[in-house]
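Please read the structure below before turning to the comments.
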Amino acid sequence: MLKKNKYQLLIIFLFALVVAPAAFAQQKSLTARFLRERQRRAMHSRDSLLRLINKSDTSVNSLLQRVEQYTTAYNQIGNNLAEGLDTADIGQQLPPIIKRLGKIDTLINTHKASTLRYLFVLRDILDRSQTQLEDWQSDLQDISTSLIQNQNDLIKFTKDSLIKTNPKDSLLKSAFFTQRKAVWLLWRNTDTKNRSDLSQINLLQDKVSIAYTEVLDASDHIDSKIKKFADKAVEGEFGYIWEPAPEYAGFKSPFNSTIKVNKLLFSYFIMNETLTHLVGFLFLAAILSWILFNRIKVKRNTELAQSLSEKINYIYKQPIISALLVATAIVPYFYNHPPVVFTEILFLFPMIFVLVFVRKEFPPTKLHFLRALFGITIVYGVSNLFIEISNIDRFVILALSIISIAAGLLFYKKIKETPEVYLPYSGLIIKIFIGLQSLSLLLNLTGRFSLAKIIGVTAAFNLWLLVILYFVVQIIIQALFLQFQNKKPGSILDWVDYAIVEQKFRKLLVILASLVWLFFLFQNLNIDDAVRDYVSDFLAQSHTVGGSSFTIEGFVIFIAVIWLSSIVSRIISYFYDVSSLRVKDDLSVQKKKNRTSTLLIRLGVFSVGFLLAVAASGFPLDKITIIISAFGIGIGFGLQNIVNNLVSGLILAFEKPVQIGDVIEIDSRSGTIREIGVRSSRLTTSDGAEVIIPNGDMISHHVINWTLSNNNRRIELIVGVAYGSDIAKVKQMLKDMLADRDDIMSTPAPSVFLHNLNDSSVDFRMFFWAADIATWLELKSRVLTDIYVKFAEEGIEIPFPTRDINFHLKDEHISINKFEKEDAEEKGKIIPVKGENDKAEDIAPDDASKSSSDPEK
């Protein structure tokens, strides 16, 4: 029993030792888990509190930031308004314009005897006023838009509900209310100022709009009167010249009105075109400086000055007059619709300068005619300024027509006597002048005075302009020539051929001069505005083809941009061609690559030009795909070869199997590549011929490029010596002649081989390399010369072929060798014949005559 209890106690003790630590560990784990959970809940509570506090701060911060934004915005608006409105000039200049419009309306309705020139003067004034008012309307609209935007920003403040929020935080509430009160006061002051400025701008806009409407009404009224006047001028506003109208008998009133109106127009134009005047003076200074600078440089070189004095006679003898003539002839076209009095005053100066030129250069007949034409033109110009009709003015125009016809006939007679002394087409020009003056005379006689004056003025002024433009073109060409004579070595002018520039530039100047003459003609005929409006309407008119709409203006712009891109491409190609001519002996790989790049540059210029043309013309890009598709159909049917050449040109440009300056062989033709174009390439042969090769052939055919990677060329020579010569000596001699020469490459080394044993010679084969392929023929000639001289010195025979001929004369057999040749020839028994081999031939007597008559034998 005791033993059993002892075992039970032992089991309980062991259980305690095992289970008790496990239970203790479990209890400890539960305690740690509880502590961690409590810590997590505490952290979550703290985080929630922080988020709540941060949320409260964020709300208050948003209010303060909104107030700060309004403060900054209104301060900026206030600063802009404090600077004031930029309308002072408009406010000062608008009343004179309104007053001027009232005077014009009075003049339109009161002057019943006004001339067509007077109506055009009034319309020019209205056009200037209309342009000024349109500019003011644009400026005022910009200011009004800015003020309206300010007002919209100010209205947002009153509608912002966030500003009306009351913060719950008592500590921040006081600061927020203080800032909100400050921004409220700022808003009120800014709003008051902005509303006041906006009202002022609106009032000024209304005044400008009213004035603009009056200008439009007056312009319509004048246009209506011009149309009626034109109809009346064609039908005849007077009776015959011998029936003067009594109402036009006075002259003092038209004269005083003309002085007053033209003086007003001249002073107004001078005061309002300051910038254009400045540009004109700068242009004059630039022309004068350019001519004087180049003339001084030439004059320092006495020999050069003497040789060029005849070619630049105008500039060399009278440089200041030349510069003034060019400037005064061009500057009037800087202005937009200048008054007639201003144009005629400027036109007076080039006429005087031309008379100075011709005083010593032209024969007396030309000088007398130009002086007479000068007086006629002056009187025509004064008559052209009259704003009212008078009988005296009509008789003056009649007298001018008669004098012009008489002077023209006398001058035309002199031209027919010695036409070579005068300029080309002088006779035709004078006949046109006489015809116009005759028409003016006829119109004046039949009562169409306005048309007669217009035609007479046009004939005189345009003839003078033709003479002036001739001298202007000559002076500019002489100045250009003088600039090329003074060019610095290495400058861009040193790369330009003056002959080409002079030819192209002269054509351009002639075209520009023709356009200027036509513009002046339209001005004198008073149809320049009508022509401009007609051309503008014609260009802007929309046309529809196949569902695609376009305008002529867009088409013209497209063609013009493409043309300009082609001009730029030609200029680039020209400079590359010039560079290739200047470095024609430099065929380095880098040089050839640079010169070959011209094709890529040209393609790039054309591509950019095409994109710019499409963008400038306003042509829709989706229609371009239709055009390209149409081209694709055309390509598929009949343009395969052209497209093949174009694509081959691109391949040549990118892969560069041949480059400009390469020496190639293609289809039995050899030469140097001078140009790689878009469609074809140009090959210059050794005899000077230029071969045009399609790019497709350059890709599809076998091409031998001698200079693809370098400019070296191997030269092969076959040299024969007579049998019996010392082979080793000859071989060594040939090697020595090729060694240590500056014109033969050392690597690869020259080589000499025994090549062949011919019938009459022992042939040696020589190989050596020329460093420059351009000199290989010359090098070959020098080497052959050296071999011939050396063989002659060493006694080495160079064999030549001979032939032995045997004649059978009856029963005799005569054998003739080269030693008996002369004796046999003297006896007349043989006919010497050279053959290619040392063979003996037997020729029968009957064949001798045939043999002697054979040219080949």
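Within each chain, counting starts at residue 1; across the structure tokens, chains are named A, B, ... in the order shown, with ligands numbered 1 upward in that order.
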Can you pull out every residue within 7 Å of stretch 438-447 of chain A, counting only C-alpha atoms, but drop anything in the same chain fewer than 4 positions away, and send it as an MDAnalysis selection string? chainID A and resid 236:241 398 401 405 434 451:453 455:456
Skip A:Pro657 itself and residues of its chain fewer than 3 positions away, then list as a list of chain:residue names all residues within 10 Å of it, counting only C-alpha atoms.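 Listed by chain and then number, they are A:Ile651, A:Leu652, A:Ala653, A:Phe654, A:Asp662, A:Met698, A:Ile699, A:Val703, A:Asn705, A:Leu708.
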For the selection you just gave me, I'd like the residues written to a file as a compact mmCIF listing (two decimals), in the first residue's frame, keeping C-alpha atoms.
# COMPACT_ATOMS: atom_id res chain seq x y z
CA ILE A 651 19.03 54.99 -102.43
CA LEU A 652 22.10 56.67 -103.90
CA ALA A 653 21.78 59.50 -101.38
CA PHE A 654 21.60 57.22 -98.34
CA ASP A 662 34.04 59.40 -108.01
CA MET A 698 23.17 53.43 -111.42
CA ILE A 699 21.41 50.94 -109.17
CA VAL A 703 29.10 49.98 -111.90
CA ASN A 705 33.84 52.63 -108.89
CA LEU A 708 34.90 54.28 -103.63
Which neighbours of A:Leu94 fall inside 10 Å, counting only C-alpha atoms, when residues of the same chain fewer than 5 positions from it are skipped, and could you give them as a list in words?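 Skipping anything fewer than 5 positions along the chain leaves Asp89, Lys99, Arg100, Ser129, Gln132, Leu133, Trp136, Leu204, Lys207, Val208 and Ala211 of chain A.
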Stretch 248-261 of chain A environment, 12 Å, only C-alpha atoms, sequence neighbours closer than 3 positions dropped, as a PyMOL selection string: chain A and resi 103-104+107+111-115+117-119+121-122+125+237-238+243-245+264-268+339-341+382-395
Who sits within 10 Å of A:Ala613, only C-alpha atoms, same chain under 6 positions skipped, as a PyMOL selection string: chain A and resi 554-565+607+619
From a DSSP pass on the backbone, collect the residues of stretch 691-782 of chain A flagged as strand (DSSP E or B) and hand them back as a compact mmCIF listing (two decimals) with N, CA, C and O atoms, in the first residue's frame.
# COMPACT_ATOMS: atom_id res chain seq x y z
N VAL A 691 27.43 63.12 -119.78
CA VAL A 691 26.48 62.04 -120.01
C VAL A 691 25.45 62.06 -118.88
O VAL A 691 25.82 62.05 -117.70
N ILE A 692 24.17 62.12 -119.23
CA ILE A 692 23.09 62.08 -118.25
C ILE A 692 22.66 60.63 -118.08
O ILE A 692 22.20 60.00 -119.04
N ILE A 693 22.82 60.10 -116.89
CA ILE A 693 22.52 58.69 -116.61
C ILE A 693 21.35 58.63 -115.63
O ILE A 693 21.43 59.22 -114.55
N PRO A 694 20.25 57.96 -115.97
CA PRO A 694 19.15 57.82 -115.00
C PRO A 694 19.64 57.10 -113.74
O PRO A 694 20.47 56.20 -113.80
N VAL A 703 28.34 48.74 -111.98
CA VAL A 703 29.10 49.98 -111.90
C VAL A 703 30.46 49.68 -111.29
O VAL A 703 30.55 49.05 -110.24
N ILE A 704 31.50 50.11 -111.97
CA ILE A 704 32.87 50.00 -111.44
C ILE A 704 33.25 51.36 -110.86
O ILE A 704 33.30 52.35 -111.59
N ASN A 705 33.47 51.40 -109.57
CA ASN A 705 33.84 52.63 -108.89
C ASN A 705 35.32 52.57 -108.54
O ASN A 705 35.74 51.81 -107.66
N ARG A 713 45.16 53.78 -107.91
CA ARG A 713 44.89 52.96 -109.09
C ARG A 713 46.16 52.22 -109.48
O ARG A 713 47.25 52.79 -109.49
N ARG A 714 45.96 50.92 -109.80
CA ARG A 714 47.09 50.12 -110.24
C ARG A 714 47.28 50.29 -111.74
O ARG A 714 46.32 50.30 -112.51
N ILE A 715 48.55 50.42 -112.14
CA ILE A 715 48.91 50.58 -113.55
C ILE A 715 49.68 49.34 -114.00
O ILE A 715 50.57 48.86 -113.30
N GLU A 716 49.30 48.83 -115.14
CA GLU A 716 49.95 47.64 -115.70
C GLU A 716 50.60 48.00 -117.03
O GLU A 716 49.97 48.64 -117.88
N LEU A 717 51.89 47.59 -117.19
CA LEU A 717 52.62 47.82 -118.42
C LEU A 717 53.19 46.50 -118.92
O LEU A 717 53.67 45.68 -118.12
N ILE A 718 53.14 46.28 -120.24
CA ILE A 718 53.77 45.14 -120.89
C ILE A 718 54.95 45.69 -121.71
O ILE A 718 54.76 46.48 -122.63
N VAL A 719 56.18 45.25 -121.35
CA VAL A 719 57.39 45.73 -122.01
C VAL A 719 58.09 44.52 -122.65
O VAL A 719 58.34 43.50 -121.97
N GLY A 720 58.38 44.62 -123.94
CA GLY A 720 59.05 43.52 -124.64
C GLY A 720 60.48 43.87 -125.01
O GLY A 720 60.76 45.01 -125.39
N VAL A 721 61.38 42.88 -124.89
CA VAL A 721 62.78 43.05 -125.32
C VAL A 721 63.10 41.94 -126.32
O VAL A 721 62.40 40.92 -126.40
N SER A 751 56.05 45.62 -108.73
CA SER A 751 56.50 44.26 -109.03
C SER A 751 56.71 44.11 -110.53
O SER A 751 56.05 44.79 -111.33
N VAL A 752 57.67 43.21 -110.89
CA VAL A 752 57.99 42.94 -112.29
C VAL A 752 58.03 41.43 -112.47
O VAL A 752 58.66 40.71 -111.68
N PHE A 753 57.36 40.94 -113.52
CA PHE A 753 57.30 39.51 -113.79
C PHE A 753 57.64 39.28 -115.27
O PHE A 753 57.36 40.13 -116.12
N LEU A 754 58.23 38.09 -115.52
CA LEU A 754 58.39 37.63 -116.90
C LEU A 754 57.03 37.13 -117.36
O LEU A 754 56.48 36.18 -116.81
N HIS A 755 56.47 37.77 -118.32
CA HIS A 755 55.07 37.57 -118.66
C HIS A 755 54.86 36.55 -119.77
O HIS A 755 54.05 35.63 -119.63
N ASN A 756 55.62 36.68 -120.87
CA ASN A 756 55.31 35.83 -122.02
C ASN A 756 56.51 35.80 -122.97
O ASN A 756 57.32 36.74 -123.00
N LEU A 757 56.61 34.71 -123.74
CA LEU A 757 57.61 34.57 -124.79
C LEU A 757 56.88 34.63 -126.12
O LEU A 757 56.32 33.63 -126.58
N VAL A 762 60.49 39.04 -125.84
CA VAL A 762 60.32 38.50 -124.48
C VAL A 762 59.61 39.58 -123.67
O VAL A 762 60.15 40.68 -123.50
N ASP A 763 58.40 39.30 -123.18
CA ASP A 763 57.56 40.30 -122.53
C ASP A 763 57.69 40.23 -121.01
O ASP A 763 57.65 39.14 -120.41
N PHE A 764 57.82 41.43 -120.44
CA PHE A 764 57.81 41.59 -118.98
C PHE A 764 56.54 42.34 -118.59
O PHE A 764 56.12 43.30 -119.25
N ARG A 765 55.97 41.92 -117.46
CA ARG A 765 54.73 42.55 -116.96
C ARG A 765 55.06 43.34 -115.69
O ARG A 765 55.60 42.78 -114.72
N MET A 766 54.72 44.63 -115.70
CA MET A 766 55.04 45.53 -114.59
C MET A 766 53.74 45.99 -113.92
O MET A 766 52.78 46.36 -114.60
N PHE A 767 53.76 45.98 -112.58
CA PHE A 767 52.64 46.48 -111.79
C PHE A 767 53.16 47.54 -110.81
O PHE A 767 54.14 47.29 -110.09
N PHE A 768 52.46 48.68 -110.76
CA PHE A 768 52.76 49.69 -109.75
C PHE A 768 51.51 50.53 -109.54
O PHE A 768 50.58 50.52 -110.35
N TRP A 769 51.50 51.25 -108.41
CA TRP A 769 50.29 51.97 -107.98
C TRP A 769 50.50 53.47 -108.02
O TRP A 769 51.54 53.97 -107.57
N ALA A 770 49.49 54.18 -108.55
CA ALA A 770 49.46 55.65 -108.52
C ALA A 770 48.62 56.09 -107.32
O ALA A 770 47.53 55.57 -107.09
Nearest to A:Ile476 by atom-to-atom distance, counting only C-alpha atoms, from A:Tyr412, A:Tyr498, A:Phe269, A:Tyr314: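 Smallest separation from A:Ile476 among the options: A:Tyr314.
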Do you know which residues are at most 9 Å from A:Leu373 counting only C-alpha atoms, after dropping those on the same chain fewer than 2 positions away, and could you put them as a list in words? His368, Phe369, Leu370, Arg371, Gly375, Ile376, Thr377, Ile378, Ser404, Ala407, Ala460, Leu463 and Trp464 of chain A
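Residue nearest A:Phe157 within the list A:Glu273, A:Asp191, A:Glu553, A:Asp142: A:Asp191 [criterion: smallest interatomic distance, only C-alpha atoms].
For the set A:Ile98, A:Leu469, A:Asn150, A:Gln93, the residue with the smallest atom-to-atom gap to A:Asn75 is A:Asn150, counting only C-alpha atoms.
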Applying 8 Å and only C-alpha atoms, which residues near stretch 218-229 of chain A remain after dropping the ones on its own chain fewer than 2 positions away? List them as JSON, numbers by chain. {"A": [104, 105, 108, 116, 119, 122, 123, 126, 127, 214, 215, 216, 231, 232, 233]}
Nearest to A:Ser209 among A:Asp135, A:Asp197, A:Asp86, A:Glu665, with distances taken over only C-alpha atoms: which residue is it?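 So, comparing all the options, the nearest one is A:Asp135.
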